[in-house]
Structure formats: structure tokens, C-alpha cells
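Okay, structure first, notes after.
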Amino acid sequence: MSDPDTQPAPPPVVLPEGYYEENFAVVLGTVRERYGDLLRDDEIAFAAGWTERTLPARRLYVRLISRKGPVLRRDRLRYDEIPRLGDALAELAEAGYADAAEDVPAAELLPLALKDELLEIAAELLDDDVRPAKTARKDEILLALAEDAGDDVLRGALLDRFAVVRPLHLEHVRTYRLLFFGNLGQDLKELVLRDLGVVRFESYELTRELRLFPTRQAIDDALALRGYRDAVYLLLAEGEIAAARDVARAVLERGGWHPTSRRILDSLLSHVARELERAGDYQAALQLYEQAVAPPARERRARVLAHLGKTDESLALCAEIREAPRDETEAAFAPGFDERLRRKLGEDVPRRQRRQRPTTAMELEKRDGATVETLALEALADGGSPGFFAENWLWRSIFGLAFWDVVFAPVPGAFQHPFQYGPLDLSTPEFRTARAALVEERLAELKTLAEPGPRLLGVYDDKYGTGNRLVAWGEELRDAIERALSRLRGEHVAVVSDRLSRDLKRYRRGLPDLFVLRDEEPGFELVEVKGPGDQLRPEQKAWIDYLNENGLPASILRVSFRS
């Protein structure tokens, strides 16, 4: 079964000519409609100027900004739908949407050159003692030229061999992307499934009152913080931890960030702090953790304080977390860590009893190509207890169907454009917080349903094929849901949905592998299958405990193989 986080692969359909230009026009139009009052004059002029260009020039500009740049070789630009490429380039240059990158440093031109071109330039510019051999790798030639050839001379030699073009106004493109998608991790490729017509999209409100960024400061802060975060990730990837720390400190010194950027700020601070902690710079890590709000910042603070010998401060922080946890990870962490610290201090803290979970064993014949779950399912069926694969995709789909209208409810900041598979906060704890009344109402409704099947299958049939990040449309889904709902009561659906709605990112994994039909009440059992040497993961333990505590029988089946 496909993962609902990965939408169905499109069939081999030819995209309409110029689809990308039309998509870019949709982006510009949608943003101007929703954020026109917050856009600067130059941003409005950028969109208006692009719209005034001829169709070939508009298409070429979108092609240029979609390629890896920022500088591109002109001789590698070939598009069948733009036959007079030179004219389109000239129009873009005259209108200020592209240029010949005359001021670009040689370092940005070097990667565009072919190996033979680089060898020719090396033969021209480098002395024999530093000239790389013809058998040298391309990266070795690039390094030799960058180190031993003057920038101006090298740039001239490169531009003698090929012309380049550079799309301009990339900062405006970045702003429009942010305001359209709500993030900078998506681009125009996200709209291809719409062009192919293989996915329907749910209708939801897109009004200015519900937009993600309420003020211009919110937009500017989001752009700035994303720039800082990108710089930090690049520095950490290169091992420059101290430089990343300095960037994080500069972010804190600036201060005054708009509340809508809190999540990005916390992510940046916690990411740098964790790397400082791993590097042994605990004081610097502690300073950053203290400024972060979102979990796991307080948990990491408590651990660092304990490592530094500040046990009393760590215990005080654990008490603060226990009193008002910010999410369930904090609620789970504080009691156990508190006990560990008190034992280290010599206090007589009673040990919590190890939880016993329902477990059975089964010896099976191993078969090539068959998973242990498949073999267990067959053996259970032979024993009179048929079942089917459930794990995470089935329960998320049931949750998505039961809460369909809640998922697509008009919540500020949830939807930025008409082609989303779900709200932007779907995988965060804020999903539940922002819809608390709606979620509680739906949970109460579900608990009254002795047979939730007709209601949920009605939603399935009505919404079939509509994009929803929770629902894994596929041939097996309806049959599996129908079989599951023949045994599940509404209260069972409510129990699982309640937990999923609190933090989908955390709870979307770990549900038992199999849904097994039983004769005894409540008519089913959820079974986690473990082969030889396979141990329960923490999230699997947590789900099994939660299910059993709330009336859904869950157990572990340990499989061994006959010699």
C-alpha cells in the first residue's frame, strides 16, 4: 500500500505545452490577490512586467528560474516551444529580467565549463609546474585554476568559450514562492499533478483573513529567518560549528521576530544547539536552548544542565515541564528523567515496574520472498483468525476520512493556494490546538456511533481520488476500511484519531502491523509481528500500551522459524 505522504505517481501523460508558464502565472495571480496589500511596489512591478512580456519571453524566464543556476550557459538552452530563443533572451535583457552576468566571478563560471575547455584554459594560463595533467579529474582542474589563475583573466578565458545568461529578480521569485506555498521547500513542480488531471483538490477558503502572513513584517521576518537557517545548515554541513553558532547569536541579537516565524526560529536555535552539544560546547548550547520555545528545547536544557552538574536546576526544569508540558514528548520525558537524577543524588526513589505486554509465540516455516508479517497472517488465517495488513496507512486513512471536514476547515494560515493535500500545520501539534473545538466535537460524535462504517465509507465514496495527505487511495484501501469498520465501533476510531490529531508527525508510525478478526469481543485484535532478533521500537511500545489502555486489544506476536 502506498504511503499517504507520497501521492500516487502520475500516469505517462504528455504535459500541455507551456504548462510551467501557466503555473507561474497562477502563482503570481494568487499571491497578488491574497497579499496585494502587503506587497512592495517593486514586487508588484516585477509581476506586472513579467505579464507584459511576450509568451516566448515569459516561458523562457520561467525555464531559466527553474534551472540550477544562478548562471546558465546559453548554448545549453534549447526548448522546442521557444523556437526563437535569441529574440526571447534579448527581450528579457531589455526589460531587465535577465543579463549576461558580466560581473559574475570566475568561481561561478567554472562549474559550467566542460573538462576539455578547462584543460585548454589551463594550458593557456597555468605554468607547467602547476598545470594539471590531461588525465586529471575535473575537480582537480577546477581547483588548480581557482588557485593559480587570476579571477579577471580566468573569467575572460571562460567567456571566450561560452556565453552565459543570468535570470534576475530571484529575490522576488523567492517572495512569491513563500507567499504561495507557505514555505520555500516547494516549487512549480508541485502543480504538475494538477496539469495532468490525475488529482482532484478539495475546495477550501482562501481569503485574506485566513492568510499565513498577516503583516509585512511577518513576510520579511520569514524570508530573513529562512536565509539564516539555510546559512546555518550549510555551515554545519561543512563542519563550521563555530560560524553557525555566531549566526544563531546574530539572530538572537536582532530580536523582535514576528510570532509567525517562531517555529523557524526554534528550529534554527535547537539545530545549532544540538550540534554544539554534540561537540562538547555545553555552555553555548545551553544559551541557545534557553531561547527556544518548542520541544525538545526544554528536554535538551534539562539534560545539559545535568551534564554540567547543575542537578537542582535540572530538577526544577523537570518540575516545570511536568506541571505544564508543551507536548506529549515533554510529558513522557520529565518523570523518568526526574527519577534518574534523584537516584544519582542518593534518594530512595521506587523503581517503576516494567510493563508487561500481551505476547504470543509462533513457529513458522520460512519461505523465500515472503515477509514475516505475510507468513504470520497466513498462519493466523489457517487457525481461524483471518486478517489483513493495517499498520499506519490504514489508521491514518480512517482518521483522514473521519476528520475530512476538520482537516480542510478554514483556519488562519492553513491554506495558501488551491492545490494543497492538507493544511500546512497538519503534521504539527498546532493542528489540534488550532481546531480544538472542532476536534473535540468530532470525537464526541464518533463515540456515539455503534457502527461508524456507513459514515466513513460515505466520505470515501464521495471524496475518492481527492488529494488528502492522510488518505492512501488505492485498490486495497476501501476493502480494508470496510473490513476494519465491520468490527470497529466509533469509540475505537475516536481513540486512535484522538492521539493522531495531537501530533501526526510523532504518532503516524508505530501502530501494529496486522488487523486480525476474532470471535471474542470486541471482534478484533491488533498484532505487532516480530521476527527473530527484531525488537519493539519505542513508538511501537507506546502505541501498544495506549491501545490496550483504551479498549483496543493489541499484542505482540513473536515468530521463530523451524530449522
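Following the order of the C-alpha cells, chains are lettered A, B, ..., residues in each are numbered from 1, and ligands are numbered from 1.
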
Among region 170-323 of chain A, which residues carry a DSSP assignment of helix (DSSP H, G or I), reported as a ChimeraX atom specification? /A:170-181,188-196,208-210,216-237,241-254,259-278,282-291,297-307,311-323

Give me, as an MDAnalysis selection string, all polymer residues having an atom no more than 9 Å from region 135-139 of chain A, counting only C-alpha atoms and skipping those fewer than 3 positions away in the same chain. chainID A and resid 114:115 118 132 142:144

Export, as a PDB file, in the first residue's frame, the selected residues with N, CA, C and O atoms.
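See part-v2.pdb below for the written result:
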ATOM      1  N   LEU A 114      33.178  22.543 -19.698  1.00  0.00           N
ATOM      2  CA  LEU A 114      33.457  21.132 -19.918  1.00  0.00           C
ATOM      3  C   LEU A 114      34.915  20.845 -19.588  1.00  0.00           C
ATOM      4  O   LEU A 114      35.761  21.744 -19.556  1.00  0.00           O
ATOM      5  N   LYS A 115      35.243  19.589 -19.377  1.00  0.00           N
ATOM      6  CA  LYS A 115      36.607  19.231 -18.994  1.00  0.00           C
ATOM      7  C   LYS A 115      37.601  19.641 -20.073  1.00  0.00           C
ATOM      8  O   LYS A 115      38.683  20.178 -19.759  1.00  0.00           O
ATOM      9  N   LEU A 118      38.276  23.281 -19.838  1.00  0.00           N
ATOM     10  CA  LEU A 118      39.111  23.593 -18.687  1.00  0.00           C
ATOM     11  C   LEU A 118      40.574  23.258 -18.958  1.00  0.00           C
ATOM     12  O   LEU A 118      41.488  24.001 -18.560  1.00  0.00           O
ATOM     13  N   PRO A 132      47.531  20.923 -14.415  1.00  0.00           N
ATOM     14  CA  PRO A 132      47.098  19.526 -14.227  1.00  0.00           C
ATOM     15  C   PRO A 132      47.264  18.707 -15.499  1.00  0.00           C
ATOM     16  O   PRO A 132      47.200  19.232 -16.612  1.00  0.00           O
ATOM     17  N   LEU A 142      39.559  22.165 -11.785  1.00  0.00           N
ATOM     18  CA  LEU A 142      38.863  23.342 -11.251  1.00  0.00           C
ATOM     19  C   LEU A 142      39.644  23.957 -10.093  1.00  0.00           C
ATOM     20  O   LEU A 142      39.795  25.179  -9.998  1.00  0.00           O
ATOM     21  N   LEU A 143      40.160  23.117  -9.211  1.00  0.00           N
ATOM     22  CA  LEU A 143      40.913  23.616  -8.060  1.00  0.00           C
ATOM     23  C   LEU A 143      42.186  24.320  -8.495  1.00  0.00           C
ATOM     24  O   LEU A 143      42.524  25.398  -7.985  1.00  0.00           O
ATOM     25  N   ALA A 144      42.889  23.734  -9.467  1.00  0.00           N
ATOM     26  CA  ALA A 144      44.140  24.343  -9.941  1.00  0.00           C
ATOM     27  C   ALA A 144      43.874  25.705 -10.562  1.00  0.00           C
ATOM     28  O   ALA A 144      44.605  26.674 -10.305  1.00  0.00           O
TER      29      ALA A 144
END

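Taking CA of Asp99 (chain A) and CA of Pro167 (chain A) as the two end points, the separation is 6.7 Å.
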
One residue among A:Arg76, A:Leu269, A:Arg161, A:Phe431 is nearest to Leu252 (chain A) when using only C-alpha atoms, and that residue is A:Leu269

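Each of A:Ala106, A:Gln283, A:Glu476, A:Asp87 was compared to Glu147 (chain A) using only C-alpha atoms, and A:Ala106 turns out to be the nearest.
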
Go through region 212-302 of chain A and flag each residue having an atom no more than 9 Å from region 413-420 of chain A; for those, report the closest pair of atoms plus their distance in Å to one decimal, using only C-alpha atoms, ordered by chain and rising number, as a Markdown table.
| residue | atom | partner | partner_atom | distance |
| --- | --- | --- | --- | --- |
| A:Leu212 | CA | A:Gly413 | CA | 3.5 |
| A:Phe213 | CA | A:Gly413 | CA | 7.2 |
| A:Pro214 | CA | A:Gly413 | CA | 8.9 |

What's around region 443-447 of chain A at 7 Å? Count only C-alpha atoms, leave out sequence neighbours fewer than 5 positions away in its own chain, and write the answer as a ChimeraX atom specification. /A:490-491,494

Atoms kept (N, CA and C atoms) for selection, written as a PDB file, in the first residue's frame:
ATOM      1  N   GLY A 490     -17.410   3.303  16.929  1.00  0.00           N
ATOM      2  CA  GLY A 490     -16.990   4.692  16.808  1.00  0.00           C
ATOM      3  C   GLY A 490     -16.001   5.096  17.885  1.00  0.00           C
ATOM      4  N   GLU A 491     -16.175   4.526  19.098  1.00  0.00           N
ATOM      5  CA  GLU A 491     -15.260   4.878  20.188  1.00  0.00           C
ATOM      6  C   GLU A 491     -13.846   4.407  19.881  1.00  0.00           C
ATOM      7  N   ALA A 494     -12.388   6.881  17.558  1.00  0.00           N
ATOM      8  CA  ALA A 494     -12.101   8.109  18.305  1.00  0.00           C
ATOM      9  C   ALA A 494     -10.802   7.994  19.094  1.00  0.00           C
TER      10      ALA A 494
END

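Considering only C-alpha atoms, the residue among A:Thr215, A:Glu117, A:Phe388, A:Asp128 positioned nearest to Asp37 (chain A) is A:Thr215.
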
Asp42 (chain A): which residues within 12 Å, counting only C-alpha atoms, same-chain residues fewer than 2 positions away excluded, as JSON, numbers by chain? {"A": [36, 38, 39, 40, 44, 45, 46, 47, 48, 49, 169, 171, 172, 173, 175]}

Give me the residues within 12 Å of Arg84 (chain A) as a PyMOL selection string, counting only C-alpha atoms and dropping any in the same chain fewer than 4 places off. chain A and resi 54-57+59-60+77-80+88-91

Saved selection, atoms kept: all heavy atoms, as an mmCIF file, in the first residue's frame:
data_model
loop_
_atom_site.group_PDB
_atom_site.id
_atom_site.type_symbol
_atom_site.label_atom_id
_atom_site.label_comp_id
_atom_site.auth_asym_id
_atom_site.auth_seq_id
_atom_site.Cartn_x
_atom_site.Cartn_y
_atom_site.Cartn_z
ATOM 1 N N THR A 54 6.160 39.030 -24.014
ATOM 2 C CA THR A 54 5.572 38.124 -24.987
ATOM 3 C C THR A 54 5.567 36.710 -24.424
ATOM 4 O O THR A 54 6.315 36.397 -23.476
ATOM 5 C CB THR A 54 6.362 38.131 -26.297
ATOM 6 O OG1 THR A 54 7.695 37.645 -26.040
ATOM 7 C CG2 THR A 54 6.428 39.528 -26.891
ATOM 8 N N LEU A 55 4.756 35.840 -25.000
ATOM 9 C CA LEU A 55 4.659 34.471 -24.497
ATOM 10 C C LEU A 55 6.016 33.756 -24.516
ATOM 11 O O LEU A 55 6.387 33.112 -23.524
ATOM 12 C CB LEU A 55 3.620 33.690 -25.302
ATOM 13 C CG LEU A 55 3.428 32.228 -24.890
ATOM 14 C CD1 LEU A 55 2.972 32.135 -23.433
ATOM 15 C CD2 LEU A 55 2.400 31.537 -25.808
ATOM 16 N N PRO A 56 6.800 33.830 -25.618
ATOM 17 C CA PRO A 56 8.112 33.158 -25.588
ATOM 18 C C PRO A 56 9.006 33.683 -24.473
ATOM 19 O O PRO A 56 9.715 32.904 -23.825
ATOM 20 C CB PRO A 56 8.696 33.460 -26.977
ATOM 21 C CG PRO A 56 7.513 33.721 -27.834
ATOM 22 C CD PRO A 56 6.520 34.405 -26.957
ATOM 23 N N ALA A 57 9.009 34.998 -24.240
ATOM 24 C CA ALA A 57 9.855 35.566 -23.191
ATOM 25 C C ALA A 57 9.373 35.113 -21.814
ATOM 26 O O ALA A 57 10.189 34.805 -20.928
ATOM 27 C CB ALA A 57 9.858 37.083 -23.283
ATOM 28 N N ARG A 59 7.801 32.329 -21.101
ATOM 29 C CA ARG A 59 8.172 30.924 -20.966
ATOM 30 C C ARG A 59 9.663 30.777 -20.674
ATOM 31 O O ARG A 59 10.061 29.980 -19.814
ATOM 32 C CB ARG A 59 7.807 30.158 -22.239
ATOM 33 C CG ARG A 59 6.316 29.929 -22.419
ATOM 34 C CD ARG A 59 6.031 29.173 -23.697
ATOM 35 N NE ARG A 59 4.615 28.806 -23.797
ATOM 36 C CZ ARG A 59 4.072 28.177 -24.837
ATOM 37 N NH1 ARG A 59 4.830 27.842 -25.880
ATOM 38 N NH2 ARG A 59 2.779 27.874 -24.841
ATOM 39 N N LEU A 60 10.473 31.525 -21.372
ATOM 40 C CA LEU A 60 11.911 31.400 -21.177
ATOM 41 C C LEU A 60 12.301 31.821 -19.763
ATOM 42 O O LEU A 60 13.148 31.180 -19.126
ATOM 43 C CB LEU A 60 12.673 32.237 -22.210
ATOM 44 C CG LEU A 60 14.197 32.180 -22.091
ATOM 45 C CD1 LEU A 60 14.698 30.738 -22.215
ATOM 46 C CD2 LEU A 60 14.854 33.066 -23.140
ATOM 47 N N LEU A 77 20.681 25.998 -23.719
ATOM 48 C CA LEU A 77 19.262 26.355 -23.634
ATOM 49 C C LEU A 77 18.587 25.992 -24.949
ATOM 50 O O LEU A 77 18.785 26.645 -25.967
ATOM 51 C CB LEU A 77 19.104 27.854 -23.358
ATOM 52 C CG LEU A 77 19.773 28.385 -22.091
ATOM 53 C CD1 LEU A 77 19.580 29.895 -21.999
ATOM 54 C CD2 LEU A 77 19.227 27.698 -20.849
ATOM 55 N N ARG A 78 17.805 24.933 -24.929
ATOM 56 C CA ARG A 78 17.061 24.512 -26.117
ATOM 57 C C ARG A 78 15.673 24.066 -25.674
ATOM 58 O O ARG A 78 15.542 23.132 -24.888
ATOM 59 C CB ARG A 78 17.769 23.362 -26.837
ATOM 60 C CG ARG A 78 19.079 23.761 -27.492
ATOM 61 C CD ARG A 78 19.644 22.617 -28.340
ATOM 62 N NE ARG A 78 20.902 22.975 -28.960
ATOM 63 C CZ ARG A 78 22.099 22.877 -28.388
ATOM 64 N NH1 ARG A 78 22.182 22.421 -27.149
ATOM 65 N NH2 ARG A 78 23.204 23.219 -29.029
ATOM 66 N N TYR A 79 14.655 24.736 -26.204
ATOM 67 C CA TYR A 79 13.271 24.408 -25.859
ATOM 68 C C TYR A 79 12.450 24.442 -27.139
ATOM 69 O O TYR A 79 12.395 25.467 -27.831
ATOM 70 C CB TYR A 79 12.710 25.400 -24.835
ATOM 71 C CG TYR A 79 13.571 25.527 -23.600
ATOM 72 C CD1 TYR A 79 14.324 26.680 -23.358
ATOM 73 C CD2 TYR A 79 13.629 24.492 -22.678
ATOM 74 C CE1 TYR A 79 15.113 26.796 -22.227
ATOM 75 C CE2 TYR A 79 14.421 24.591 -21.543
ATOM 76 C CZ TYR A 79 15.158 25.746 -21.328
ATOM 77 O OH TYR A 79 15.951 25.856 -20.213
ATOM 78 N N ASP A 80 11.820 23.334 -27.454
ATOM 79 C CA ASP A 80 11.052 23.244 -28.701
ATOM 80 C C ASP A 80 9.932 24.270 -28.758
ATOM 81 O O ASP A 80 9.590 24.763 -29.844
ATOM 82 C CB ASP A 80 10.463 21.832 -28.842
ATOM 83 C CG ASP A 80 11.537 20.777 -29.061
ATOM 84 O OD1 ASP A 80 12.655 21.159 -29.490
ATOM 85 O OD2 ASP A 80 11.267 19.593 -28.796
ATOM 86 N N ALA A 88 13.812 35.956 -27.558
ATOM 87 C CA ALA A 88 13.253 35.932 -26.204
ATOM 88 C C ALA A 88 14.290 36.389 -25.184
ATOM 89 O O ALA A 88 13.973 37.139 -24.249
ATOM 90 C CB ALA A 88 12.753 34.526 -25.876
ATOM 91 N N LEU A 89 15.541 35.970 -25.367
ATOM 92 C CA LEU A 89 16.609 36.403 -24.469
ATOM 93 C C LEU A 89 16.823 37.911 -24.548
ATOM 94 O O LEU A 89 16.977 38.584 -23.522
ATOM 95 C CB LEU A 89 17.913 35.685 -24.813
ATOM 96 C CG LEU A 89 18.116 34.289 -24.215
ATOM 97 C CD1 LEU A 89 19.357 33.633 -24.816
ATOM 98 C CD2 LEU A 89 18.234 34.361 -22.703
ATOM 99 N N ALA A 90 16.811 38.425 -25.772
ATOM 100 C CA ALA A 90 17.003 39.864 -25.955
ATOM 101 C C ALA A 90 15.872 40.647 -25.291
ATOM 102 O O ALA A 90 16.103 41.699 -24.673
ATOM 103 C CB ALA A 90 17.073 40.189 -27.442
ATOM 104 N N GLU A 91 14.645 40.140 -25.399
ATOM 105 C CA GLU A 91 13.513 40.827 -24.775
ATOM 106 C C GLU A 91 13.646 40.833 -23.253
ATOM 107 O O GLU A 91 13.408 41.862 -22.599
ATOM 108 C CB GLU A 91 12.201 40.150 -25.180
ATOM 109 C CG GLU A 91 10.975 40.831 -24.578
ATOM 110 C CD GLU A 91 9.669 40.141 -24.955
ATOM 111 O OE1 GLU A 91 9.676 39.307 -25.890
ATOM 112 O OE2 GLU A 91 8.641 40.430 -24.304
#

Can you pull out the residues contacting Ser261 (chain A)? Cut-off 12 Å, using only C-alpha atoms, and skip same-chain residues under 4 positions away; I want them as a ChimeraX atom specification. /A:182-183,212-215,217-226,229,255-257,265-268,293

Have a look at A:Glu22, A:Glu430, A:Asp129, A:Glu347 and name the one nearest to Arg326 (chain A); count only C-alpha atoms.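 Smallest distance to Arg326 (chain A) is found for A:Glu430.
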
Selection: 8 Å around Phe389 (chain A), only C-alpha atoms, excl. self and same-chain fewer than 3 positions, as JSON, numbers by chain: {"A": [513, 514, 515]}

With only C-alpha atoms as the basis for distance, which of A:Arg73, A:Lys541, A:Lys189, A:His492 is at the shortest distance from Gln356 (chain A)?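 So, comparing all the options, the nearest one is A:Lys541.
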
Which of these residues is nearest to Glu440 (chain A), using only C-alpha atoms: A:Leu401, A:Leu119, A:Val495, A:Ala306?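 Of A:Leu401, A:Leu119, A:Val495, A:Ala306, the one nearest Glu440 (chain A), counting only C-alpha atoms, is A:Val495.
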
For CA of Glu120 (chain A) and CA of Leu72 (chain A), quote the distance in Å rounded to one decimal.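 If I compute the distance from CA of Glu120 (chain A) to CA of Leu72 (chain A), I get 20.5 Å.
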